[in-house]
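Q: Contents of run10.pdb (PDB, C-alpha atoms, pLDDT in the B column):
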```pdb
ATOM      1  CA  LEU A   1       0.000   0.000   0.000  1.00 93.00           C
ATOM      2  CA  ALA A   2       2.864   2.404   0.769  1.00 92.00           C
ATOM      3  CA  ALA A   3       4.482   1.611  -2.579  1.00 92.00           C
ATOM      4  CA  TRP A   4       1.151   2.098  -4.363  1.00 93.00           C
ATOM      5  CA  ALA A   5       0.612   5.483  -2.675  1.00 93.00           C
ATOM      6  CA  SER A   6       4.140   6.631  -3.561  1.00 90.00           C
ATOM      7  CA  ALA A   7       3.701   5.569  -7.179  1.00 91.00           C
ATOM      8  CA  SER A   8       0.444   7.539  -7.248  1.00 92.00           C
ATOM      9  CA  GLY A   9       2.198  10.634  -5.896  1.00 92.00           C
ATOM     10  CA  ASP A  10       0.167  10.593  -2.679  1.00 94.00           C
ATOM     11  CA  PHE A  11       3.073  11.025  -0.269  1.00 94.00           C
ATOM     12  CA  GLN A  12       0.862  11.814   2.698  1.00 93.00           C
ATOM     13  CA  MET A  13      -0.838   8.433   2.292  1.00 95.00           C
ATOM     14  CA  ALA A  14       2.536   6.756   1.687  1.00 95.00           C
ATOM     15  CA  ALA A  15       3.827   8.219   4.959  1.00 96.00           C
ATOM     16  CA  LYS A  16       0.728   6.930   6.743  1.00 96.00           C
ATOM     17  CA  PHE A  17       1.256   3.349   5.542  1.00 96.00           C
ATOM     18  CA  CYS A  18       5.022   3.490   6.232  1.00 96.00           C
ATOM     19  CA  THR A  19       4.264   4.682   9.767  1.00 97.00           C
ATOM     20  CA  LEU A  20       1.917   1.742  10.282  1.00 97.00           C
ATOM     21  CA  LEU A  21       4.636  -0.553   8.950  1.00 96.00           C
ATOM     22  CA  VAL A  22       7.407   0.674  11.276  1.00 97.00           C
ATOM     23  CA  ASP A  23       4.992   0.682  14.218  1.00 96.00           C
ATOM     24  CA  ALA A  24       4.398  -3.007  13.540  1.00 96.00           C
ATOM     25  CA  VAL A  25       8.022  -3.842  12.675  1.00 96.00           C
ATOM     26  CA  PRO A  26      10.330  -1.258  14.314  1.00 96.00           C
ATOM     27  CA  ASN A  27      13.507  -2.656  12.694  1.00 96.00           C
ATOM     28  CA  HIS A  28      12.101  -2.532   9.134  1.00 96.00           C
ATOM     29  CA  PHE A  29      14.785  -0.588   7.244  1.00 97.00           C
ATOM     30  CA  GLU A  30      12.790  -0.075   4.028  1.00 95.00           C
ATOM     31  CA  GLY A  31       9.836   1.157   6.083  1.00 96.00           C
ATOM     32  CA  TRP A  32      11.905   3.877   7.758  1.00 97.00           C
ATOM     33  CA  PHE A  33      13.740   4.770   4.548  1.00 97.00           C
ATOM     34  CA  ASN A  34      10.515   5.089   2.549  1.00 96.00           C
ATOM     35  CA  LEU A  35       8.898   7.033   5.388  1.00 97.00           C
ATOM     36  CA  GLY A  36      11.777   9.505   5.150  1.00 97.00           C
ATOM     37  CA  LEU A  37      11.395   9.641   1.381  1.00 96.00           C
ATOM     38  CA  ALA A  38       7.641  10.271   1.618  1.00 96.00           C
ATOM     39  CA  HIS A  39       8.139  13.100   4.124  1.00 97.00           C
ATOM     40  CA  GLN A  40      10.939  14.517   1.967  1.00 97.00           C
ATOM     41  CA  LYS A  41       8.762  14.517  -1.158  1.00 95.00           C
ATOM     42  CA  ALA A  42       6.013  16.250   0.821  1.00 94.00           C
ATOM     43  CA  GLN A  43       8.518  18.865   2.093  1.00 95.00           C
ATOM     44  CA  ARG A  44       8.121  17.760   5.720  1.00 96.00           C
ATOM     45  CA  LEU A  45      11.855  18.015   6.140  1.00 97.00           C
ATOM     46  CA  GLN A  46      12.326  17.563   9.875  1.00 97.00           C
ATOM     47  CA  GLN A  47      10.094  14.467   9.861  1.00 97.00           C
ATOM     48  CA  ALA A  48      12.129  13.164   6.914  1.00 98.00           C
ATOM     49  CA  ALA A  49      15.385  13.689   8.829  1.00 98.00           C
ATOM     50  CA  ASP A  50      13.985  11.884  11.861  1.00 98.00           C
ATOM     51  CA  ALA A  51      12.888   8.900   9.733  1.00 98.00           C
ATOM     52  CA  TYR A  52      16.252   8.666   7.932  1.00 98.00           C
ATOM     53  CA  GLN A  53      18.038   8.661  11.290  1.00 98.00           C
ATOM     54  CA  GLN A  54      15.880   5.738  12.392  1.00 98.00           C
ATOM     55  CA  ALA A  55      16.722   3.943   9.141  1.00 98.00           C
ATOM     56  CA  ILE A  56      20.429   4.491   9.861  1.00 98.00           C
ATOM     57  CA  LYS A  57      20.045   2.912  13.298  1.00 97.00           C
ATOM     58  CA  VAL A  58      18.664  -0.212  11.594  1.00 97.00           C
ATOM     59  CA  ARG A  59      21.199  -0.231   8.737  1.00 97.00           C
ATOM     60  CA  PRO A  60      24.182   2.020   9.554  1.00 97.00           C
ATOM     61  CA  GLN A  61      26.091   0.963   6.429  1.00 97.00           C
ATOM     62  CA  SER A  62      23.569   2.511   3.993  1.00 97.00           C
ATOM     63  CA  SER A  63      25.364   5.237   2.034  1.00 98.00           C
ATOM     64  CA  GLN A  64      22.151   6.283   0.248  1.00 97.00           C
ATOM     65  CA  THR A  65      20.383   6.970   3.542  1.00 98.00           C
ATOM     66  CA  TYR A  66      23.208   9.242   4.667  1.00 98.00           C
ATOM     67  CA  THR A  67      23.045  11.025   1.288  1.00 98.00           C
ATOM     68  CA  ASN A  68      19.303  11.607   1.639  1.00 98.00           C
ATOM     69  CA  LEU A  69      19.757  12.749   5.228  1.00 98.00           C
ATOM     70  CA  GLY A  70      22.390  15.210   4.043  1.00 98.00           C
ATOM     71  CA  ILE A  71      20.048  16.619   1.391  1.00 97.00           C
ATOM     72  CA  VAL A  72      17.287  17.141   3.969  1.00 98.00           C
ATOM     73  CA  ARG A  73      19.669  18.786   6.447  1.00 97.00           C
ATOM     74  CA  GLN A  74      21.011  20.994   3.680  1.00 96.00           C
ATOM     75  CA  GLU A  75      17.497  22.156   2.817  1.00 96.00           C
ATOM     76  CA  LEU A  76      16.889  22.821   6.519  1.00 96.00           C
ATOM     77  CA  GLY A  77      19.971  25.055   6.550  1.00 95.00           C
ATOM     78  CA  ALA A  78      21.905  22.771   8.918  1.00 96.00           C
ATOM     79  CA  LEU A  79      25.073  22.875   6.816  1.00 96.00           C
ATOM     80  CA  LYS A  80      27.485  21.348   9.334  1.00 96.00           C
ATOM     81  CA  GLU A  81      25.182  18.373   9.904  1.00 97.00           C
ATOM     82  CA  ALA A  82      24.684  18.051   6.123  1.00 98.00           C
ATOM     83  CA  LYS A  83      28.465  17.930   5.586  1.00 97.00           C
ATOM     84  CA  ASP A  84      28.790  15.243   8.264  1.00 98.00           C
ATOM     85  CA  ALA A  85      26.118  13.124   6.571  1.00 98.00           C
ATOM     86  CA  TYR A  86      27.662  13.463   3.098  1.00 98.00           C
ATOM     87  CA  ARG A  87      31.131  12.631   4.412  1.00 98.00           C
ATOM     88  CA  GLU A  88      29.789   9.490   6.056  1.00 98.00           C
ATOM     89  CA  ALA A  89      28.040   8.531   2.803  1.00 98.00           C
ATOM     90  CA  VAL A  90      31.348   8.883   0.931  1.00 97.00           C
ATOM     91  CA  ARG A  91      33.218   6.955   3.625  1.00 97.00           C
ATOM     92  CA  LEU A  92      30.772   4.078   3.213  1.00 98.00           C
ATOM     93  CA  ASP A  93      30.846   4.280  -0.586  1.00 97.00           C
ATOM     94  CA  PRO A  94      33.816   6.166  -2.113  1.00 95.00           C
ATOM     95  CA  ASN A  95      32.034   6.039  -5.504  1.00 94.00           C
ATOM     96  CA  ALA A  96      28.952   7.878  -4.204  1.00 96.00           C
ATOM     97  CA  VAL A  97      29.112  10.718  -6.749  1.00 96.00           C
ATOM     98  CA  ALA A  98      25.826  12.278  -5.612  1.00 96.00           C
ATOM     99  CA  ALA A  99      27.121  12.574  -2.055  1.00 97.00           C
ATOM    100  CA  LEU A 100      30.431  14.053  -3.257  1.00 97.00           C
ATOM    101  CA  TRP A 101      28.601  16.565  -5.474  1.00 97.00           C
ATOM    102  CA  ASN A 102      26.319  17.700  -2.658  1.00 97.00           C
ATOM    103  CA  LEU A 103      29.234  17.863  -0.234  1.00 98.00           C
ATOM    104  CA  ALA A 104      31.082  20.153  -2.649  1.00 98.00           C
ATOM    105  CA  LEU A 105      28.034  22.423  -2.947  1.00 97.00           C
ATOM    106  CA  VAL A 106      27.704  22.683   0.844  1.00 97.00           C
ATOM    107  CA  LEU A 107      31.416  23.388   1.260  1.00 97.00           C
ATOM    108  CA  GLU A 108      31.166  26.145  -1.338  1.00 96.00           C
ATOM    109  CA  GLN A 109      28.042  27.533   0.339  1.00 94.00           C
ATOM    110  CA  SER A 110      29.880  27.512   3.689  1.00 94.00           C
ATOM    111  CA  GLY A 111      32.776  29.509   2.252  1.00 93.00           C
ATOM    112  CA  GLU A 112      35.233  26.590   2.417  1.00 96.00           C
ATOM    113  CA  GLN A 113      36.548  27.215  -1.079  1.00 95.00           C
ATOM    114  CA  ASP A 114      39.734  25.137  -0.816  1.00 96.00           C
ATOM    115  CA  GLU A 115      37.840  22.042   0.331  1.00 97.00           C
ATOM    116  CA  ALA A 116      35.100  22.679  -2.235  1.00 97.00           C
ATOM    117  CA  GLU A 117      37.694  22.752  -5.026  1.00 97.00           C
ATOM    118  CA  LYS A 118      39.219  19.449  -3.873  1.00 97.00           C
ATOM    119  CA  THR A 119      35.792  17.836  -3.685  1.00 97.00           C
ATOM    120  CA  TYR A 120      34.716  19.015  -7.153  1.00 98.00           C
ATOM    121  CA  MET A 121      37.948  17.495  -8.469  1.00 97.00           C
ATOM    122  CA  LYS A 122      37.030  14.196  -6.793  1.00 97.00           C
ATOM    123  CA  VAL A 123      33.628  14.343  -8.507  1.00 97.00           C
ATOM    124  CA  LEU A 124      35.357  14.828 -11.853  1.00 97.00           C
ATOM    125  CA  ASP A 125      37.737  11.944 -11.138  1.00 96.00           C
ATOM    126  CA  LYS A 126      34.681   9.708 -10.737  1.00 95.00           C
ATOM    127  CA  ASP A 127      32.602  11.341 -13.474  1.00 95.00           C
ATOM    128  CA  PRO A 128      34.732  13.251 -16.030  1.00 94.00           C
ATOM    129  CA  GLU A 129      31.651  14.195 -18.070  1.00 93.00           C
ATOM    130  CA  ASN A 130      30.010  16.020 -15.175  1.00 95.00           C
ATOM    131  CA  HIS A 131      30.102  19.467 -16.773  1.00 94.00           C
ATOM    132  CA  GLU A 132      28.185  21.126 -13.935  1.00 96.00           C
ATOM    133  CA  ALA A 133      30.946  20.047 -11.550  1.00 97.00           C
ATOM    134  CA  ARG A 134      33.577  21.453 -13.913  1.00 97.00           C
ATOM    135  CA  PHE A 135      31.652  24.739 -14.088  1.00 98.00           C
ATOM    136  CA  ARG A 136      31.499  24.956 -10.284  1.00 98.00           C
ATOM    137  CA  LEU A 137      35.224  24.109 -10.138  1.00 98.00           C
ATOM    138  CA  GLY A 138      35.941  27.026 -12.458  1.00 98.00           C
ATOM    139  CA  TYR A 139      33.768  29.342 -10.382  1.00 97.00           C
ATOM    140  CA  VAL A 140      35.436  28.330  -7.095  1.00 97.00           C
ATOM    141  CA  ARG A 141      38.865  28.907  -8.619  1.00 97.00           C
ATOM    142  CA  LEU A 142      37.716  32.311  -9.843  1.00 97.00           C
ATOM    143  CA  GLN A 143      36.634  33.219  -6.307  1.00 95.00           C
ATOM    144  CA  ARG A 144      39.981  32.032  -4.937  1.00 94.00           C
ATOM    145  CA  GLY A 145      41.967  34.123  -7.428  1.00 96.00           C
ATOM    146  CA  ASP A 146      43.280  31.141  -9.411  1.00 97.00           C
ATOM    147  CA  TYR A 147      42.427  32.784 -12.718  1.00 97.00           C
ATOM    148  CA  ARG A 148      44.521  30.459 -14.890  1.00 97.00           C
ATOM    149  CA  GLY A 149      42.945  27.347 -13.355  1.00 97.00           C
ATOM    150  CA  SER A 150      39.512  28.943 -13.612  1.00 98.00           C
ATOM    151  CA  ALA A 151      40.023  29.713 -17.302  1.00 98.00           C
ATOM    152  CA  GLU A 152      41.102  26.131 -17.990  1.00 97.00           C
ATOM    153  CA  ALA A 153      37.920  24.788 -16.370  1.00 97.00           C
ATOM    154  CA  PHE A 154      35.639  27.140 -18.299  1.00 97.00           C
ATOM    155  CA  GLU A 155      37.493  26.457 -21.562  1.00 97.00           C
ATOM    156  CA  THR A 156      36.747  22.756 -21.099  1.00 96.00           C
ATOM    157  CA  CYS A 157      33.088  23.548 -20.371  1.00 96.00           C
ATOM    158  CA  LEU A 158      32.831  25.472 -23.643  1.00 96.00           C
ATOM    159  CA  LYS A 159      34.403  22.637 -25.623  1.00 94.00           C
ATOM    160  CA  LYS A 160      31.413  20.556 -24.542  1.00 89.00           C
ATOM    161  CA  ARG A 161      28.759  23.301 -24.825  1.00 91.00           C
ATOM    162  CA  LYS A 162      29.798  26.146 -27.122  1.00 90.00           C
ATOM    163  CA  ASP A 163      26.742  28.279 -26.323  1.00 88.00           C
ATOM    164  CA  TRP A 164      27.025  28.026 -22.501  1.00 94.00           C
ATOM    165  CA  ILE A 165      26.750  31.745 -21.859  1.00 93.00           C
ATOM    166  CA  GLU A 166      27.397  31.577 -18.092  1.00 94.00           C
ATOM    167  CA  ALA A 167      30.684  29.775 -18.802  1.00 96.00           C
ATOM    168  CA  GLN A 168      31.538  32.414 -21.415  1.00 96.00           C
ATOM    169  CA  MET A 169      30.913  35.228 -18.928  1.00 96.00           C
ATOM    170  CA  ASN A 170      33.123  33.639 -16.291  1.00 97.00           C
ATOM    171  CA  LEU A 171      35.844  32.762 -18.812  1.00 97.00           C
ATOM    172  CA  ALA A 172      35.924  36.367 -20.037  1.00 97.00           C
ATOM    173  CA  LEU A 173      36.230  37.569 -16.433  1.00 96.00           C
ATOM    174  CA  ALA A 174      39.064  35.093 -15.764  1.00 97.00           C
ATOM    175  CA  TYR A 175      40.954  36.327 -18.852  1.00 97.00           C
ATOM    176  CA  TRP A 176      40.365  39.921 -17.750  1.00 96.00           C
ATOM    177  CA  LYS A 177      41.677  39.200 -14.253  1.00 95.00           C
ATOM    178  CA  MET A 178      44.736  37.581 -15.869  1.00 95.00           C
ATOM    179  CA  GLY A 179      45.335  40.846 -17.733  1.00 94.00           C
ATOM    180  CA  ASP A 180      44.438  39.465 -21.179  1.00 95.00           C
ATOM    181  CA  ARG A 181      41.878  42.074 -22.248  1.00 94.00           C
ATOM    182  CA  ASP A 182      41.921  41.003 -25.910  1.00 94.00           C
ATOM    183  CA  LEU A 183      40.866  37.454 -25.079  1.00 96.00           C
ATOM    184  CA  ALA A 184      38.288  38.765 -22.614  1.00 97.00           C
ATOM    185  CA  GLN A 185      36.788  40.997 -25.293  1.00 95.00           C
ATOM    186  CA  LEU A 186      36.730  38.136 -27.799  1.00 96.00           C
ATOM    187  CA  VAL A 187      34.791  35.900 -25.410  1.00 96.00           C
ATOM    188  CA  TYR A 188      32.343  38.679 -24.523  1.00 96.00           C
ATOM    189  CA  GLU A 189      31.761  39.234 -28.268  1.00 95.00           C
ATOM    190  CA  GLN A 190      31.170  35.511 -28.794  1.00 93.00           C
ATOM    191  CA  ALA A 191      28.625  35.565 -25.970  1.00 93.00           C
ATOM    192  CA  LEU A 192      26.929  38.583 -27.504  1.00 92.00           C
ATOM    193  CA  ASN A 193      26.731  36.779 -30.850  1.00 91.00           C
ATOM    194  CA  SER A 194      25.020  33.877 -29.069  1.00 87.00           C
ATOM    195  CA  ASP A 195      22.636  36.222 -27.250  1.00 90.00           C
ATOM    196  CA  PRO A 196      22.449  39.802 -28.624  1.00 90.00           C
ATOM    197  CA  LYS A 197      20.454  40.815 -25.530  1.00 91.00           C
ATOM    198  CA  SER A 198      22.975  39.541 -22.999  1.00 92.00           C
ATOM    199  CA  LEU A 199      23.249  42.311 -20.414  1.00 94.00           C
ATOM    200  CA  ASP A 200      26.302  40.697 -18.824  1.00 93.00           C
ATOM    201  CA  ALA A 201      28.189  40.599 -22.132  1.00 95.00           C
ATOM    202  CA  LEU A 202      27.294  44.226 -22.905  1.00 95.00           C
ATOM    203  CA  ARG A 203      28.347  45.323 -19.413  1.00 94.00           C
ATOM    204  CA  GLY A 204      31.685  43.545 -19.845  1.00 95.00           C
ATOM    205  CA  LEU A 205      32.329  45.062 -23.259  1.00 96.00           C
ATOM    206  CA  ALA A 206      31.362  48.529 -22.029  1.00 95.00           C
ATOM    207  CA  ALA A 207      33.689  48.252 -19.037  1.00 94.00           C
ATOM    208  CA  LEU A 208      36.553  47.040 -21.235  1.00 95.00           C
ATOM    209  CA  ALA A 209      36.003  49.923 -23.647  1.00 95.00           C
ATOM    210  CA  LEU A 210      36.103  52.418 -20.764  1.00 93.00           C
ATOM    211  CA  GLU A 211      39.273  50.798 -19.450  1.00 92.00           C
ATOM    212  CA  ARG A 212      40.896  51.147 -22.883  1.00 91.00           C
ATOM    213  CA  GLY A 213      39.753  54.773 -23.104  1.00 93.00           C
ATOM    214  CA  ASP A 214      37.587  54.030 -26.163  1.00 94.00           C
ATOM    215  CA  LEU A 215      34.749  56.301 -25.087  1.00 95.00           C
ATOM    216  CA  ASP A 216      32.806  56.148 -28.355  1.00 95.00           C
ATOM    217  CA  GLN A 217      32.547  52.359 -28.189  1.00 94.00           C
ATOM    218  CA  ALA A 218      31.781  52.492 -24.476  1.00 94.00           C
ATOM    219  CA  LEU A 219      28.950  54.914 -25.190  1.00 94.00           C
ATOM    220  CA  GLU A 220      27.613  52.601 -27.898  1.00 94.00           C
ATOM    221  CA  PHE A 221      27.483  49.622 -25.516  1.00 94.00           C
ATOM    222  CA  HIS A 222      25.950  51.726 -22.745  1.00 93.00           C
ATOM    223  CA  GLY A 223      23.321  52.954 -25.193  1.00 94.00           C
ATOM    224  CA  ARG A 224      22.433  49.373 -26.057  1.00 94.00           C
ATOM    225  CA  LEU A 225      22.087  48.601 -22.364  1.00 95.00           C
ATOM    226  CA  VAL A 226      19.727  51.559 -21.930  1.00 93.00           C
ATOM    227  CA  ASP A 227      17.691  50.363 -24.923  1.00 93.00           C
ATOM    228  CA  LEU A 228      17.347  46.980 -23.211  1.00 93.00           C
ATOM    229  CA  GLY A 229      15.943  48.616 -20.079  1.00 92.00           C
ATOM    230  CA  GLU A 230      19.079  48.840 -17.951  1.00 90.00           C
ATOM    231  CA  ARG A 231      18.774  51.798 -15.570  1.00 87.00           C
ATOM    232  CA  THR A 232      21.280  51.148 -12.781  1.00 89.00           C
ATOM    233  CA  PRO A 233      23.040  54.084 -11.080  1.00 91.00           C
ATOM    234  CA  GLU A 234      26.404  52.652 -12.219  1.00 88.00           C
ATOM    235  CA  LEU A 235      25.314  52.630 -15.844  1.00 87.00           C
ATOM    236  CA  LEU A 236      23.911  56.164 -15.734  1.00 87.00           C
ATOM    237  CA  TYR A 237      27.087  57.381 -14.056  1.00 88.00           C
TER     238      TYR A 237
END
```
Please re-express this file's structure in structure tokens.

A:
Amino acid sequence: LAAWASASGDFQMAAKFCTLLVDAVPNHFEGWFNLGLAHQKAQRLQQAADAYQQAIKVRPQSSQTYTNLGIVRQELGALKEAKDAYREAVRLDPNAVAALWNLALVLEQSGEQDEAEKTYMKVLDKDPENHEARFRLGYVRLQRGDYRGSAEAFETCLKKRKDWIEAQMNLALAYWKMGDRDLAQLVYEQALNSDPKSLDALRGLAALALERGDLDQALEFHGRLVDLGERTPELLY
């Protein structure tokens, strides 16, 4: 009945049947796990965390349960507890890519950029085609001031997805921070060709033109921004 309710998308009913099941058989791992899943799907996050912790007591070697517990704790804003859960999931299963990915996100969110970078690299070791992880790796390196490493990550992203405008924006910024304004301008222009209404690309090109002292071109880009509805104090200044 719990499985039927879950398949029907009735997670409140699924939780009811799972509760009856674990009341009858307190050491029923699947009952506790599915109770946690039902509460999680219904956004009853604290109840989900409580059920997953009961499932762990029954089967402490379940990496997936620790991963799910980490996700729930992360959504609750309990970042330290989420990191602990993800790390335990990875300890139990070193190939748990989902746990590694979520751990990296939490580390980044917590401001632990060095550890986040190392963890994204572990994700890519396990899953080299995980382009989202490579993008996040590039972004973390950009925040840390490793502009060369950041550029390399974003260059790889764009080899896989040529029209990935967010990667283009960050790659242009990395080149700019490295002092290569010509390459930065080229990437901004490529992004603008992909999306002629890209405010970020126009802002970058306008700022580069101002930096070069090319006021006519800067004025042209600023005019295009105004035409697109941009009215920030910085732009008007």

Q: Please write as number ranges by chain the list of polymer residues whose atoms come within 12 Å of (15.6, 8.2, 11.2), counting all atoms listed in the file and keeping to the coordinates of the file.

A: A: 19, 22, 26-37, 39, 45-60, 65-66, 68-69, 72

Q: Which residue is closest to Ala167 (chain A)? Choose from A:Glu112, A:Asp146, A:Glu132, A:Asp125 and count only C-alpha atoms.

A: A:Glu132

Q: Of the candidates A:Ala206, A:Leu20, A:Leu103, A:Val90, which one gets nearest to Lys118 (chain A) if we count all atoms listed in the file?

A: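 Smallest distance to Lys118 (chain A) is found for A:Leu103.
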
Q: Need the shell around Ala89 (chain A): protein/DNA/RNA residues with any atom at most 7 Å away, counting only C-alpha atoms. Skip same-chain ones fewer than 4 positions apart. Format as a ChimeraX atom specification?

A: /A:63-64,66-67,85,93,99

Q: Starting from the displayed file, determine the output of the PyMOL selection byres ((chain A and resi 219-234) around 10) and express the residue list as number ranges by chain.

A: A: 196-207, 209-210, 214-218, 235-237

Q: Save out the residues we just selected, C-alpha atoms, as a JSON list (two decimals), in the frame of the given file.

A:
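Once everything was written out, this is result-v6.json:
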```json
[["chain", "number", "residue", "atom", "x", "y", "z"],
["A", 196, "PRO", "CA", 22.45, 39.80, -28.62],
["A", 197, "LYS", "CA", 20.45, 40.82, -25.53],
["A", 198, "SER", "CA", 22.98, 39.54, -23.00],
["A", 199, "LEU", "CA", 23.25, 42.31, -20.41],
["A", 200, "ASP", "CA", 26.30, 40.70, -18.82],
["A", 201, "ALA", "CA", 28.19, 40.60, -22.13],
["A", 202, "LEU", "CA", 27.29, 44.23, -22.90],
["A", 203, "ARG", "CA", 28.35, 45.32, -19.41],
["A", 204, "GLY", "CA", 31.68, 43.54, -19.84],
["A", 205, "LEU", "CA", 32.33, 45.06, -23.26],
["A", 206, "ALA", "CA", 31.36, 48.53, -22.03],
["A", 207, "ALA", "CA", 33.69, 48.25, -19.04],
["A", 209, "ALA", "CA", 36.00, 49.92, -23.65],
["A", 210, "LEU", "CA", 36.10, 52.42, -20.76],
["A", 214, "ASP", "CA", 37.59, 54.03, -26.16],
["A", 215, "LEU", "CA", 34.75, 56.30, -25.09],
["A", 216, "ASP", "CA", 32.81, 56.15, -28.36],
["A", 217, "GLN", "CA", 32.55, 52.36, -28.19],
["A", 218, "ALA", "CA", 31.78, 52.49, -24.48],
["A", 235, "LEU", "CA", 25.31, 52.63, -15.84],
["A", 236, "LEU", "CA", 23.91, 56.16, -15.73],
["A", 237, "TYR", "CA", 27.09, 57.38, -14.06]]
```

Q: List the neighbours of Leu107 (chain A) out to 9 Å using all atoms listed in the file; skip same-chain residues closer than 4 positions along the sequence, and give me the result as a PyMOL selection string.

A: chain A and resi 79+83+102-103+111-117+119

Q: Env of Glu152 (chain A): 9 Å cut, atoms = all atoms listed in the file, seq-sep filter 5 positions within chain, self excluded. Answer as a PyMOL selection string.

A: chain A and resi 138+147+157+171

Q: Around all the atoms of region 77-87 of chain A listed in the file, with 6 Å of room on each side, what axis-aligned box do you get, giving centre and edge lengths in Å to one decimal, as lines of an AutoDock Vina configuration file?

A:
```
center_x = 25.6
center_y = 18.8
center_z = 6.5
size_x = 23.2
size_y = 24.4
size_z = 18.8
```

Q: How would you write as a list in words the residues that get within 8 Å of (31.0, 29.5, -4.2) in the file's frame, counting only C-alpha atoms?

A: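 Protein and nucleic acid residues near the point are Leu105, Glu108, Gln109, Gly111, Gln113, Arg136, Tyr139, Val140 and Gln143 of chain A.
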
Q: Kindly complete region 49-62 of chain A to N, CA and C atoms; the output should be written as an mmCIF file, keeping the file's coordinate frame.

A:
```cif
data_model
loop_
_atom_site.group_PDB
_atom_site.id
_atom_site.type_symbol
_atom_site.label_atom_id
_atom_site.label_comp_id
_atom_site.auth_asym_id
_atom_site.auth_seq_id
_atom_site.Cartn_x
_atom_site.Cartn_y
_atom_site.Cartn_z
ATOM 1 N N ALA A 49 14.093 13.890 8.165
ATOM 2 C CA ALA A 49 15.385 13.689 8.829
ATOM 3 C C ALA A 49 15.259 12.685 9.971
ATOM 4 N N ASP A 50 14.189 12.806 10.741
ATOM 5 C CA ASP A 50 13.985 11.884 11.861
ATOM 6 C C ASP A 50 13.844 10.439 11.369
ATOM 7 N N ALA A 51 13.091 10.252 10.270
ATOM 8 C CA ALA A 51 12.888 8.900 9.733
ATOM 9 C C ALA A 51 14.195 8.330 9.175
ATOM 10 N N TYR A 52 14.977 9.149 8.470
ATOM 11 C CA TYR A 52 16.252 8.666 7.932
ATOM 12 C C TYR A 52 17.201 8.281 9.066
ATOM 13 N N GLN A 53 17.176 9.017 10.161
ATOM 14 C CA GLN A 53 18.038 8.661 11.290
ATOM 15 C C GLN A 53 17.634 7.328 11.904
ATOM 16 N N GLN A 54 16.338 7.046 11.924
ATOM 17 C CA GLN A 54 15.880 5.738 12.392
ATOM 18 C C GLN A 54 16.329 4.637 11.431
ATOM 19 N N ALA A 55 16.269 4.927 10.132
ATOM 20 C CA ALA A 55 16.722 3.943 9.141
ATOM 21 C C ALA A 55 18.208 3.643 9.329
ATOM 22 N N ILE A 56 18.993 4.676 9.649
ATOM 23 C CA ILE A 56 20.429 4.491 9.861
ATOM 24 C C ILE A 56 20.697 3.627 11.084
ATOM 25 N N LYS A 57 19.887 3.762 12.106
ATOM 26 C CA LYS A 57 20.045 2.912 13.298
ATOM 27 C C LYS A 57 19.855 1.439 12.937
ATOM 28 N N VAL A 58 18.924 1.167 12.011
ATOM 29 C CA VAL A 58 18.664 -0.212 11.594
ATOM 30 C C VAL A 58 19.758 -0.710 10.656
ATOM 31 N N ARG A 59 20.187 0.177 9.717
ATOM 32 C CA ARG A 59 21.199 -0.231 8.737
ATOM 33 C C ARG A 59 22.242 0.874 8.619
ATOM 34 N N PRO A 60 23.219 0.912 9.528
ATOM 35 C CA PRO A 60 24.182 2.020 9.554
ATOM 36 C C PRO A 60 25.147 2.048 8.375
ATOM 37 N N GLN A 61 25.170 1.003 7.559
ATOM 38 C CA GLN A 61 26.091 0.963 6.429
ATOM 39 C C GLN A 61 25.454 1.461 5.127
ATOM 40 N N SER A 62 24.257 2.056 5.202
ATOM 41 C CA SER A 62 23.569 2.511 3.993
ATOM 42 C C SER A 62 24.051 3.899 3.573
#
```
